[in-house]
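Visitor: Input file: coords-v8.pdb. Contents: PDB, C-alpha atoms and all ligand atoms.
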ATOM      1  CA  MET A  28      11.653  -3.402 -19.788
ATOM      2  CA  THR A  29      14.873  -2.098 -18.215
ATOM      3  CA  PRO A  30      14.598   1.576 -17.349
ATOM      4  CA  ASN A  31      17.283   3.986 -18.489
ATOM      5  CA  PRO A  32      18.614   6.494 -15.973
ATOM      6  CA  GLY A  33      17.169   9.324 -18.073
ATOM      7  CA  ASP A  34      13.623   7.881 -18.334
ATOM      8  CA  ALA A  35      11.118  10.429 -17.137
ATOM      9  CA  GLN A  36       8.370   9.238 -14.828
ATOM     10  CA  THR A  37       5.573  11.665 -15.615
ATOM     11  CA  PRO A  38       2.113  10.056 -15.916
ATOM     12  CA  GLU A  39       2.249  10.658 -19.680
ATOM     13  CA  ASP A  40       5.635   8.933 -20.079
ATOM     14  CA  LEU A  41       4.566   6.026 -17.926
ATOM     15  CA  LYS A  42       1.299   5.565 -19.861
ATOM     16  CA  GLU A  43       3.281   5.393 -23.075
ATOM     17  CA  ARG A  44       5.803   2.877 -21.720
ATOM     18  CA  PHE A  45       3.378   0.687 -19.743
ATOM     19  CA  CYS A  46       0.143   0.400 -21.681
ATOM     20  CA  PHE A  47      -1.886  -2.247 -19.840
ATOM     21  CA  ARG A  48      -5.620  -2.705 -19.560
ATOM     22  CA  GLY A  49      -6.677  -1.911 -15.990
ATOM     23  CA  LEU A  50      -3.661   0.302 -15.252
ATOM     24  CA  THR A  51      -3.206   4.024 -15.541
ATOM     25  CA  PHE A  52      -0.927   6.714 -14.148
ATOM     26  CA  GLU A  53      -1.861  10.092 -12.752
ATOM     27  CA  ARG A  54      -0.810  12.805 -10.357
ATOM     28  CA  GLY A  55      -2.340  11.968  -7.006
ATOM     29  CA  SER A  56      -2.243  13.801  -3.683
ATOM     30  CA  GLY A  57       0.398  16.528  -3.509
ATOM     31  CA  GLY A  58       0.989  16.123  -7.261
ATOM     32  CA  LEU A  59       2.979  12.911  -6.649
ATOM     33  CA  VAL A  60       2.805  10.306  -9.416
ATOM     34  CA  ARG A  61       0.828   7.157  -8.733
ATOM     35  CA  ALA A  62      -0.191   3.992 -10.543
ATOM     36  CA  VAL A  63      -3.913   3.242 -10.355
ATOM     37  CA  VAL A  64      -5.095  -0.334 -10.834
ATOM     38  CA  SER A  65      -8.729  -1.054 -11.624
ATOM     39  CA  THR A  66      -9.599  -4.497 -12.984
ATOM     40  CA  ASP A  67     -12.560  -6.865 -12.686
ATOM     41  CA  SER A  68     -11.066  -8.306  -9.506
ATOM     42  CA  VAL A  69      -9.243  -5.520  -7.680
ATOM     43  CA  THR A  70      -8.582  -1.816  -7.297
ATOM     44  CA  GLY A  71      -5.345  -0.444  -5.935
ATOM     45  CA  GLU A  72      -2.902   2.440  -5.906
ATOM     46  CA  LEU A  73       0.843   2.764  -5.653
ATOM     47  CA  TYR A  74       2.881   5.967  -5.385
ATOM     48  CA  LEU A  75       6.366   5.971  -6.915
ATOM     49  CA  HIS A  76       7.311   8.044  -3.870
ATOM     50  CA  GLY A  77       8.486   5.328  -1.488
ATOM     51  CA  ALA A  78       7.066   2.599  -3.809
ATOM     52  CA  HIS A  79       4.191   3.110  -1.430
ATOM     53  CA  VAL A  80       0.992   1.066  -1.816
ATOM     54  CA  THR A  81      -1.830   3.310  -0.572
ATOM     55  CA  ALA A  82      -4.908   1.298  -1.589
ATOM     56  CA  PHE A  83      -5.920  -2.328  -2.036
ATOM     57  CA  ARG A  84      -9.498  -3.481  -2.382
ATOM     58  CA  PRO A  85     -10.394  -6.834  -3.915
ATOM     59  CA  HIS A  86     -13.907  -6.634  -5.332
ATOM     60  CA  GLY A  87     -16.621  -7.607  -2.873
ATOM     61  CA  HIS A  88     -14.653  -6.162   0.051
ATOM     62  CA  GLU A  89     -14.106  -2.809   1.717
ATOM     63  CA  SER A  90     -10.656  -1.195   1.672
ATOM     64  CA  VAL A  91      -8.123  -3.468   3.324
ATOM     65  CA  LEU A  92      -5.503  -0.787   3.927
ATOM     66  CA  TRP A  93      -5.883   2.212   6.204
ATOM     67  CA  MET A  94      -4.813   5.712   5.186
ATOM     68  CA  SER A  95      -4.692   8.738   7.432
ATOM     69  CA  ALA A  96      -6.730  11.719   6.229
ATOM     70  CA  ALA A  97      -3.912  13.838   7.711
ATOM     71  CA  SER A  98      -1.157  12.191   5.653
ATOM     72  CA  VAL A  99       1.383  14.447   4.020
ATOM     73  CA  PHE A 100       2.199  13.825   0.340
ATOM     74  CA  GLU A 101       5.469  15.639  -0.261
ATOM     75  CA  PRO A 102       8.865  14.699  -1.621
ATOM     76  CA  GLY A 103      11.150  13.872   1.307
ATOM     77  CA  LYS A 104       8.289  13.107   3.719
ATOM     78  CA  PRO A 105       6.697   9.725   4.473
ATOM     79  CA  ILE A 106       3.091   8.884   3.594
ATOM     80  CA  ARG A 107       0.996   7.860   6.640
ATOM     81  CA  GLY A 108      -0.892   4.635   6.004
ATOM     82  CA  GLY A 109      -0.875   1.957   3.320
ATOM     83  CA  VAL A 110       2.416   0.079   3.151
ATOM     84  CA  PRO A 111       5.525   2.143   3.840
ATOM     85  CA  ILE A 112       8.816   0.337   3.229
ATOM     86  CA  CYS A 113      11.195   0.732   6.170
ATOM     87  CA  PHE A 114      14.807   0.273   5.036
ATOM     88  CA  PRO A 115      17.776   0.095   5.756
ATOM     89  CA  TRP A 116      17.043   0.699   9.427
ATOM     90  CA  PHE A 117      13.902   0.449  11.520
ATOM     91  CA  GLY A 118      12.823   3.185  13.950
ATOM     92  CA  PRO A 119      15.457   5.784  14.854
ATOM     93  CA  HIS A 120      18.894   5.349  13.248
ATOM     94  CA  PRO A 121      21.055   3.456  15.772
ATOM     95  CA  SER A 122      23.840   6.059  15.950
ATOM     96  CA  ASP A 123      22.761   9.258  14.177
ATOM     97  CA  ASN A 124      19.478  10.836  15.234
ATOM     98  CA  THR A 125      19.678  13.408  12.440
ATOM     99  CA  LEU A 126      18.844  10.621   9.966
ATOM    100  CA  PRO A 127      15.178   9.893   9.168
ATOM    101  CA  GLY A 128      13.209   7.352  11.209
ATOM    102  CA  HIS A 129      12.620   3.995   9.447
ATOM    103  CA  GLY A 130      15.314   4.738   6.845
ATOM    104  CA  ARG A 131      15.294   6.367   3.432
ATOM    105  CA  ALA A 132      13.319   3.913   1.289
ATOM    106  CA  ARG A 133       9.965   5.541   2.057
ATOM    107  CA  LEU A 134      11.292   9.029   1.279
ATOM    108  CA  GLN A 135      12.635   8.648  -2.231
ATOM    109  CA  GLU A 136      11.089   8.150  -5.643
ATOM    110  CA  TRP A 137      11.500   4.610  -6.965
ATOM    111  CA  THR A 138      11.817   3.681 -10.635
ATOM    112  CA  LEU A 139       9.039   1.655 -12.227
ATOM    113  CA  ALA A 140      10.914  -1.030 -14.152
ATOM    114  CA  SER A 141       8.223  -3.409 -15.407
ATOM    115  CA  VAL A 142       4.520  -4.234 -15.390
ATOM    116  CA  TRP A 143       2.668  -7.440 -16.228
ATOM    117  CA  ASN A 144      -0.810  -8.948 -16.257
ATOM    118  CA  PHE A 145      -1.803 -12.032 -14.308
ATOM    119  CA  ASP A 146      -4.310 -14.698 -15.385
ATOM    120  CA  ASP A 147      -6.454 -13.918 -12.321
ATOM    121  CA  GLY A 148      -7.084 -10.386 -13.670
ATOM    122  CA  GLY A 149      -4.428  -8.915 -11.418
ATOM    123  CA  ILE A 150      -1.588  -6.565 -12.269
ATOM    124  CA  GLY A 151       2.033  -6.760 -11.173
ATOM    125  CA  LEU A 152       4.487  -3.881 -10.915
ATOM    126  CA  GLN A 153       8.204  -4.051 -10.289
ATOM    127  CA  LEU A 154      10.054  -1.063  -8.875
ATOM    128  CA  GLN A 155      13.666  -0.548  -8.088
ATOM    129  CA  THR A 156      15.999   1.804  -6.305
ATOM    130  CA  VAL A 157      19.457   2.011  -4.774
ATOM    131  CA  ILE A 158      20.065   2.953  -1.144
ATOM    132  CA  ASP A 159      23.616   3.208   0.166
ATOM    133  CA  ASN A 160      25.274   0.226  -1.456
ATOM    134  CA  PHE A 161      22.096  -1.887  -1.595
ATOM    135  CA  GLU A 162      20.116  -2.584  -4.774
ATOM    136  CA  LEU A 163      16.405  -3.001  -4.086
ATOM    137  CA  SER A 164      13.756  -4.617  -6.249
ATOM    138  CA  TYR A 165      10.116  -4.585  -5.138
ATOM    139  CA  HIS A 166       7.364  -6.677  -6.733
ATOM    140  CA  VAL A 167       3.787  -5.681  -6.022
ATOM    141  CA  HIS A 168       0.965  -7.909  -7.265
ATOM    142  CA  PHE A 169      -2.526  -6.458  -7.015
ATOM    143  CA  GLY A 170      -4.897  -9.424  -7.318
ATOM    144  CA  ARG A 171      -7.414 -11.140  -5.082
ATOM    145  CA  ARG A 172      -4.483 -10.973  -2.683
ATOM    146  CA  LEU A 173      -1.889  -8.239  -2.293
ATOM    147  CA  GLU A 174       1.520  -9.846  -2.734
ATOM    148  CA  LEU A 175       4.599  -7.834  -1.829
ATOM    149  CA  GLU A 176       8.164  -9.029  -2.314
ATOM    150  CA  LEU A 177      11.246  -6.990  -1.439
ATOM    151  CA  ARG A 178      14.583  -8.271  -2.719
ATOM    152  CA  VAL A 179      17.778  -6.636  -1.452
ATOM    153  CA  SER A 180      21.129  -7.331  -3.116
ATOM    154  CA  LEU A 181      24.691  -6.331  -2.404
ATOM    155  CA  PRO A 182      26.764  -5.950  -5.584
ATOM    156  CA  SER A 183      29.512  -8.505  -6.155
ATOM    157  CA  ASP A 184      32.180  -5.785  -5.977
ATOM    158  CA  ALA A 185      31.078  -4.566  -2.521
ATOM    159  CA  ALA A 186      34.173  -4.062  -0.382
ATOM    160  CA  SER A 187      32.646  -5.396   2.833
ATOM    161  CA  PRO A 188      29.521  -7.154   4.142
ATOM    162  CA  ALA A 189      26.575  -4.918   5.023
ATOM    163  CA  ILE A 190      23.735  -5.225   7.498
ATOM    164  CA  PHE A 191      20.182  -3.904   7.183
ATOM    165  CA  GLU A 192      16.781  -3.911   8.852
ATOM    166  CA  GLU A 193      13.540  -3.875   6.862
ATOM    167  CA  ALA A 194       9.774  -3.811   7.309
ATOM    168  CA  LEU A 195       6.686  -3.821   5.115
ATOM    169  CA  HIS A 196       4.831  -1.591   7.546
ATOM    170  CA  THR A 197       1.288  -2.593   6.622
ATOM    171  CA  TYR A 198      -1.504  -0.368   8.003
ATOM    172  CA  LEU A 199      -4.741  -2.400   8.074
ATOM    173  CA  ALA A 200      -8.208  -0.844   8.323
ATOM    174  CA  VAL A 201     -10.344  -2.081  11.235
ATOM    175  CA  SER A 202     -13.783  -1.144  12.545
ATOM    176  CA  ASP A 203     -12.516  -0.477  16.078
ATOM    177  CA  ILE A 204      -9.138  -1.556  17.456
ATOM    178  CA  ARG A 205     -10.811  -2.350  20.806
ATOM    179  CA  GLN A 206     -12.936  -5.057  19.148
ATOM    180  CA  VAL A 207     -10.342  -6.901  17.051
ATOM    181  CA  ARG A 208      -7.873  -9.710  17.806
ATOM    182  CA  VAL A 209      -4.685 -10.846  16.156
ATOM    183  CA  ALA A 210      -3.840 -14.547  16.264
ATOM    184  CA  GLY A 211      -0.577 -16.168  15.203
ATOM    185  CA  LEU A 212       1.934 -14.750  17.672
ATOM    186  CA  GLU A 213       0.794 -16.614  20.802
ATOM    187  CA  SER A 214       3.980 -18.632  21.112
ATOM    188  CA  SER A 215       6.437 -15.855  20.277
ATOM    189  CA  GLU A 216       8.448 -13.735  22.719
ATOM    190  CA  PHE A 217       8.380 -10.010  22.110
ATOM    191  CA  ILE A 218       9.987  -6.704  22.957
ATOM    192  CA  ASP A 219       7.461  -4.312  24.417
ATOM    193  CA  LYS A 220       8.405  -0.848  23.133
ATOM    194  CA  VAL A 221       5.670   0.742  25.234
ATOM    195  CA  GLY A 222       7.219  -0.729  28.404
ATOM    196  CA  ASN A 223      10.849   0.482  28.103
ATOM    197  CA  ALA A 224      11.682  -2.114  25.443
ATOM    198  CA  ALA A 225      11.388  -4.938  27.980
ATOM    199  CA  SER A 226      11.727  -8.530  26.725
ATOM    200  CA  MET A 227       8.475 -10.338  27.395
ATOM    201  CA  PRO A 228       7.672 -14.055  27.338
ATOM    202  CA  ALA A 229       5.080 -15.529  24.980
ATOM    203  CA  THR A 230       1.553 -14.904  26.272
ATOM    204  CA  GLY A 231      -0.117 -18.010  24.812
ATOM    205  CA  GLU A 232      -3.081 -15.787  23.834
ATOM    206  CA  PRO A 233      -4.144 -13.874  20.725
ATOM    207  CA  ILE A 234      -3.411 -10.142  20.938
ATOM    208  CA  GLU A 235      -6.167  -7.799  22.082
ATOM    209  CA  PHE A 236      -5.812  -4.027  22.276
ATOM    210  CA  PRO A 237      -6.745  -2.341  25.535
ATOM    211  CA  GLY A 238      -4.233   0.526  25.038
ATOM    212  CA  GLU A 239      -1.138   1.693  23.167
ATOM    213  CA  THR A 240       0.605  -1.309  21.623
ATOM    214  CA  ASP A 241       4.084  -1.363  20.078
ATOM    215  CA  ARG A 242       5.639  -4.825  20.046
ATOM    216  CA  VAL A 243       8.391  -6.534  18.109
ATOM    217  CA  TYR A 244       7.736 -10.281  18.037
ATOM    218  CA  ALA A 245      10.761 -12.497  17.225
ATOM    219  CA  PRO A 246      11.628 -15.021  16.175
ATOM    220  CA  THR A 247       8.459 -15.739  14.237
ATOM    221  CA  SER A 248       7.692 -16.766  10.693
ATOM    222  CA  SER A 249       3.993 -17.396  11.408
ATOM    223  CA  PRO A 250       1.128 -15.780   9.530
ATOM    224  CA  CYS A 251      -1.100 -13.402  11.515
ATOM    225  CA  VAL A 252      -4.881 -13.547  11.359
ATOM    226  CA  LEU A 253      -6.792 -10.379  12.223
ATOM    227  CA  THR A 254     -10.438 -10.961  13.136
ATOM    228  CA  ASP A 255     -12.792  -7.990  12.904
ATOM    229  CA  PRO A 256     -16.285  -9.001  14.092
ATOM    230  CA  GLU A 257     -17.944  -5.685  13.253
ATOM    231  CA  LYS A 258     -16.702  -5.659   9.660
ATOM    232  CA  CYS A 259     -17.433  -9.422   9.525
ATOM    233  CA  ARG A 260     -14.043 -10.040   7.983
ATOM    234  CA  THR A 261     -10.696 -11.661   8.550
ATOM    235  CA  ILE A 262      -7.426 -10.318   7.162
ATOM    236  CA  THR A 263      -4.460 -12.671   6.955
ATOM    237  CA  VAL A 264      -0.875 -11.438   6.685
ATOM    238  CA  ALA A 265       1.303 -14.367   5.606
ATOM    239  CA  LYS A 266       5.016 -13.991   5.059
ATOM    240  CA  ALA A 267       8.318 -15.490   3.936
ATOM    241  CA  GLY A 268      11.941 -14.519   4.605
ATOM    242  CA  SER A 269      10.888 -12.612   7.719
ATOM    243  CA  GLN A 270      11.797 -13.454  11.293
ATOM    244  CA  SER A 271      10.053 -10.606  13.114
ATOM    245  CA  THR A 272       6.564  -9.144  13.180
ATOM    246  CA  VAL A 273       5.777  -5.697  14.563
ATOM    247  CA  VAL A 274       2.300  -4.940  15.903
ATOM    248  CA  TRP A 275       1.444  -1.282  16.482
ATOM    249  CA  ASN A 276      -1.423   1.000  17.439
ATOM    250  CA  PRO A 277      -0.470   4.441  18.809
ATOM    251  CA  TRP A 278      -3.684   4.971  20.835
ATOM    252  CA  ILE A 279      -4.671   8.451  22.051
ATOM    253  CA  ALA A 280      -1.608  10.315  23.345
ATOM    254  CA  LYS A 281       0.887   9.153  20.720
ATOM    255  CA  SER A 282      -1.434   9.781  17.788
ATOM    256  CA  ALA A 283      -2.060  13.303  19.161
ATOM    257  CA  ARG A 284       1.724  13.904  19.031
ATOM    258  CA  MET A 285       1.974  12.890  15.360
ATOM    259  CA  PRO A 286       1.136  15.819  13.038
ATOM    260  CA  ASP A 287       0.325  13.534  10.103
ATOM    261  CA  PHE A 288      -2.033  11.286  12.070
ATOM    262  CA  GLY A 289      -5.528  12.586  12.919
ATOM    263  CA  ASP A 290      -6.224  12.763  16.655
ATOM    264  CA  HIS A 291      -9.336  10.614  16.358
ATOM    265  CA  GLU A 292      -8.139   8.123  13.755
ATOM    266  CA  TRP A 293      -6.368   5.617  16.028
ATOM    267  CA  PRO A 294      -9.378   3.271  16.549
ATOM    268  CA  GLY A 295      -9.555   2.566  12.800
ATOM    269  CA  MET A 296      -6.150   0.969  12.217
ATOM    270  CA  VAL A 297      -3.607  -1.595  13.272
ATOM    271  CA  CYS A 298      -0.174  -2.257  11.825
ATOM    272  CA  ILE A 299       0.988  -5.837  11.346
ATOM    273  CA  GLU A 300       4.472  -5.434   9.930
ATOM    274  CA  THR A 301       6.415  -8.143   8.133
ATOM    275  CA  ALA A 302       9.962  -7.425   9.227
ATOM    276  CA  ASN A 303      13.553  -8.309   9.942
ATOM    277  CA  VAL A 304      14.555  -5.923  12.699
ATOM    278  CA  GLY A 305      16.753  -5.919  15.809
ATOM    279  CA  ALA A 306      18.221  -9.380  16.345
ATOM    280  CA  SER A 307      16.671 -10.453  12.996
ATOM    281  CA  ALA A 308      18.618  -7.826  10.981
ATOM    282  CA  VAL A 309      20.074  -9.319   7.781
ATOM    283  CA  THR A 310      23.770  -9.424   6.852
ATOM    284  CA  LEU A 311      24.685  -9.670   3.167
ATOM    285  CA  HIS A 312      28.086 -10.471   1.742
ATOM    286  CA  ALA A 313      29.187  -9.235  -1.700
ATOM    287  CA  GLY A 314      27.020 -10.776  -4.418
ATOM    288  CA  GLN A 315      24.332 -12.025  -2.024
ATOM    289  CA  SER A 316      20.592 -11.240  -2.003
ATOM    290  CA  HIS A 317      17.786 -11.572   0.489
ATOM    291  CA  THR A 318      14.045 -11.662  -0.227
ATOM    292  CA  MET A 319      11.219 -10.906   2.177
ATOM    293  CA  ALA A 320       7.577 -11.288   1.145
ATOM    294  CA  ALA A 321       4.161 -10.514   2.604
ATOM    295  CA  VAL A 322       0.805 -11.718   1.275
ATOM    296  CA  ILE A 323      -2.328  -9.969   2.471
ATOM    297  CA  SER A 324      -5.688 -11.610   1.922
ATOM    298  CA  VAL A 325      -9.181 -10.893   3.132
ATOM    299  CA  SER A 326     -12.255 -13.062   3.600
ATOM    300  CA  HIS A 327     -15.793 -12.627   4.915
ATOM    301  CA  ASN A 328     -16.441 -14.236   8.297
TER     302      ASN A 328
HETATM  303  C1  LIG A 401       6.171   1.324  14.177
HETATM  304  C2  LIG A 401       7.083   1.467  15.363
HETATM  305  O1  LIG A 401       6.653   0.361  13.332
HETATM  306  O2  LIG A 401       6.122   2.554  13.466
HETATM  307  C3  LIG A 401       6.582   2.578  16.252
HETATM  308  O3  LIG A 401       7.162   0.238  16.073
HETATM  309  C4  LIG A 401       6.469   3.872  15.446
HETATM  310  O4  LIG A 401       7.448   2.750  17.354
HETATM  311  C5  LIG A 401       5.587   3.606  14.230
HETATM  312  O5  LIG A 401       5.904   4.884  16.244
HETATM  313  C6  LIG A 401       5.421   4.820  13.304
HETATM  314  O6  LIG A 401       6.648   5.331  12.924
HETATM  315  P1  LIG A 401       6.710   6.635  12.024
HETATM  316  O7  LIG A 401       8.178   6.945  11.879
HETATM  317  O8  LIG A 401       6.068   6.294  10.718
HETATM  318  O9  LIG A 401       5.961   7.697  12.782
END
What is this file in structure tokens?
Guide:
Amino acid sequence: MTPNPGDAQTPEDLKERFCFRGLTFERGSGGLVRAVVSTDSVTGELYLHGAHVTAFRPHGHESVLWMSAASVFEPGKPIRGGVPICFPWFGPHPSDNTLPGHGRARLQEWTLASVWNFDDGGIGLQLQTVIDNFELSYHVHFGRRLELELRVSLPSDAASPAIFEEALHTYLAVSDIRQVRVAGLESSEFIDKVGNAASMPATGEPIEFPGETDRVYAPTSSPCVLTDPEKCRTITVAKAGSQSTVVWNPWIAKSARMPDFGDHEWPGMVCIETANVGASAVTLHAGQSHTMAAVISVSHN
């Protein structure tokens, strides 16, 4: 169904327009509207604010995504945890520090355009928005796996090419960051944002976390495998159309500086972000599109 500009997005309107078994709409935290998925195979949540996935739990598993108990849920502010969409820039704006970090996509309400059922008992949602001159379409499939696909298009009448950065900034729940490892980036160089953005050679080893970690790996199209011995589980983040992967844990001092991140929450999360940032930024010419996808799956060890 193609949304009309005047379509309201109250839970009641959405229930009427998208009547699917296993899907409902409600006002969640801060009164913001969210879709709630609950089927035989999966439970999940997505806020229209930022098209932000805040929960994903295939049955038989604990929550895969991490959410901060200190997160703010307010129009114009980002949600802390889940899967924020960073777009059209990553981190601080390159030339104007009055603009919001990680771009505007996570700060605005997206339009729910369509919903469908999958044979595996999963539910798909498609959301869209416009940012600057870019048209964005985001497919989210809640199933045994969480499949996320962000398509960015530049209209055919665009006067000039345009460049953007993007990230699906996935916060994953872990038992204790000091016990987990991330494999898949052993042969990739990286920029170490903790160490003055120094370029570092590939380490040849899986990543372990003895302290604050903030790294942009590129070029890499490899999947990452997060092993969590205490939870006896492995989370895999596979991807397509992405040439960089960001790995982040703020540790003690940085999390204490973030008002929407609890001071003692840092051991319970790690971000493995499917991205195109820095040297992997994407240039589109008029009429072109680019698609980036992440697939998150979980298995028992
Ligand atoms: C990560 C960045 O992707 O996001 C970090 O690499 C940053 O440098 C983190 O601190 C969180 O950003 P924000 O804007 O959500 O606080």
Visitor: Please provide the set of residues having any atom within 12 Å of Ser141 (chain A), restricted to only C-alpha atoms, with same-chain residues fewer than 2 positions apart removed, written as a PyMOL selection string.
Guide: chain A and resi 28-30+41+44-47+138-139+143-144+150-155+164-168
Visitor: Report as JSON the centre and the edge lengths, in Å to one decimal, of the axis-aligned box holding every listed atom of ligand LIG 401 (chain A), padded by 3 Å on each side.
Guide:
{"center_x": 6.8, "center_y": 4.0, "center_z": 14.0, "size_x": 8.8, "size_y": 13.5, "size_z": 12.6}
Visitor: Could you list, as number ranges by chain, all residues that come within 6 Å of ligand LIG 401 (chain A)? Count all atoms listed in the file.
Guide: A: 128-129, 241, 275
Visitor: Would you please work out which residue, of A:Val157, A:Ile279, A:Leu177, A:Leu59, is nearest to Thr301 (chain A) when using all atoms listed in the file?
Guide: A:Leu177
Visitor: Please evaluate the PyMOL selection byres (((chain A and resi 204-218) around 6) and not hetatm) against the structure above and give the resulting residues as a PyMOL selection string.
Guide: chain A and resi 203+219+224-236+242-245+250-255+294
Visitor: What would the selection look like, as a list of chain:residue names, if the PyMOL selection byres (((chain A and resi 190-198) around 7) and not hetatm) were run on the coordinates I just shared?
Guide: A:Leu92, A:Trp93, A:Gly108, A:Gly109, A:Val110, A:Pro111, A:Ile112, A:Cys113, A:Phe114, A:Pro115, A:Trp116, A:Phe117, A:Pro188, A:Ala189, A:Leu199, A:Ala200, A:Met296, A:Val297, A:Cys298, A:Ile299, A:Glu300, A:Thr301, A:Ala302, A:Asn303, A:Val304, A:Ala308, A:Val309, A:Thr310, A:Leu311
Visitor: Tell me which residues the PyMOL selection byres (((chain A and resi 239) around 10) and not hetatm) grabs here, as a PyMOL selection string.
Guide: chain A and resi 220-221+236-238+240-242+275-282+293
Visitor: Those same residues, written as a PDB file, keeping the file's coordinate frame with C-alpha atoms?
Guide:
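Output (selection22.pdb):
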ATOM      1  CA  LYS A 220       8.405  -0.848  23.133  1.00  0.00           C
ATOM      2  CA  VAL A 221       5.670   0.742  25.234  1.00  0.00           C
ATOM      3  CA  PHE A 236      -5.812  -4.027  22.276  1.00  0.00           C
ATOM      4  CA  PRO A 237      -6.745  -2.341  25.535  1.00  0.00           C
ATOM      5  CA  GLY A 238      -4.233   0.526  25.038  1.00  0.00           C
ATOM      6  CA  THR A 240       0.605  -1.309  21.623  1.00  0.00           C
ATOM      7  CA  ASP A 241       4.084  -1.363  20.078  1.00  0.00           C
ATOM      8  CA  ARG A 242       5.639  -4.825  20.046  1.00  0.00           C
ATOM      9  CA  TRP A 275       1.444  -1.282  16.482  1.00  0.00           C
ATOM     10  CA  ASN A 276      -1.423   1.000  17.439  1.00  0.00           C
ATOM     11  CA  PRO A 277      -0.470   4.441  18.809  1.00  0.00           C
ATOM     12  CA  TRP A 278      -3.684   4.971  20.835  1.00  0.00           C
ATOM     13  CA  ILE A 279      -4.671   8.451  22.051  1.00  0.00           C
ATOM     14  CA  ALA A 280      -1.608  10.315  23.345  1.00  0.00           C
ATOM     15  CA  LYS A 281       0.887   9.153  20.720  1.00  0.00           C
ATOM     16  CA  SER A 282      -1.434   9.781  17.788  1.00  0.00           C
ATOM     17  CA  TRP A 293      -6.368   5.617  16.028  1.00  0.00           C
TER      18      TRP A 293
END
Visitor: Quick one, how far is CA of Val179 (chain A) from CA of Val322 (chain A)?
Guide: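 So the answer is 17.9 Å.
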Visitor: At what distance in Å, to one decimal, does CA of Ala267 (chain A) lie from CA of Thr66 (chain A)?
Guide: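 So the two atoms, CA of Thr66 (chain A) and CA of Ala267 (chain A), lie 27.0 Å apart.
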Visitor: Within 12 Å of Val99 (chain A), counting all atoms listed in the file, which residues show up once you throw out same-chain ones fewer than 2 positions away? Write them as a list in words, please.
Guide: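 Those residues are Gly55, Ser56, Gly57, Gly58, Leu59, His76, Met94, Ser95, Ala96, Ala97, Glu101, Pro102, Gly103, Lys104, Pro105, Ile106, Arg107, Gly108, Leu134, Met285, Pro286, Asp287, Phe288 and Gly289 of chain A.
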Visitor: List every protein, DNA or RNA residue with an atom no more than 8 Å from (-7.5, -12.3, -7.1) in the file's coordinates, counting all atoms listed in the file, and format the result as an mmCIF file with C-alpha atoms, in the coordinates of the input.
Guide:
data_model
loop_
_atom_site.group_PDB
_atom_site.id
_atom_site.type_symbol
_atom_site.label_atom_id
_atom_site.label_comp_id
_atom_site.auth_asym_id
_atom_site.auth_seq_id
_atom_site.Cartn_x
_atom_site.Cartn_y
_atom_site.Cartn_z
ATOM 1 C CA SER A 68 -11.066 -8.306 -9.506
ATOM 2 C CA VAL A 69 -9.243 -5.520 -7.680
ATOM 3 C CA PRO A 85 -10.394 -6.834 -3.915
ATOM 4 C CA ASP A 147 -6.454 -13.918 -12.321
ATOM 5 C CA GLY A 148 -7.084 -10.386 -13.670
ATOM 6 C CA GLY A 149 -4.428 -8.915 -11.418
ATOM 7 C CA PHE A 169 -2.526 -6.458 -7.015
ATOM 8 C CA GLY A 170 -4.897 -9.424 -7.318
ATOM 9 C CA ARG A 171 -7.414 -11.140 -5.082
ATOM 10 C CA ARG A 172 -4.483 -10.973 -2.683
#
Visitor: Please provide as an NGL selection string all residues within 6 Å of Val64 (chain A), with the sequence filter that same-chain residues fewer than 5 positions apart are discarded (counting only C-alpha atoms).
Guide: :A and (49-50 or 70-71)
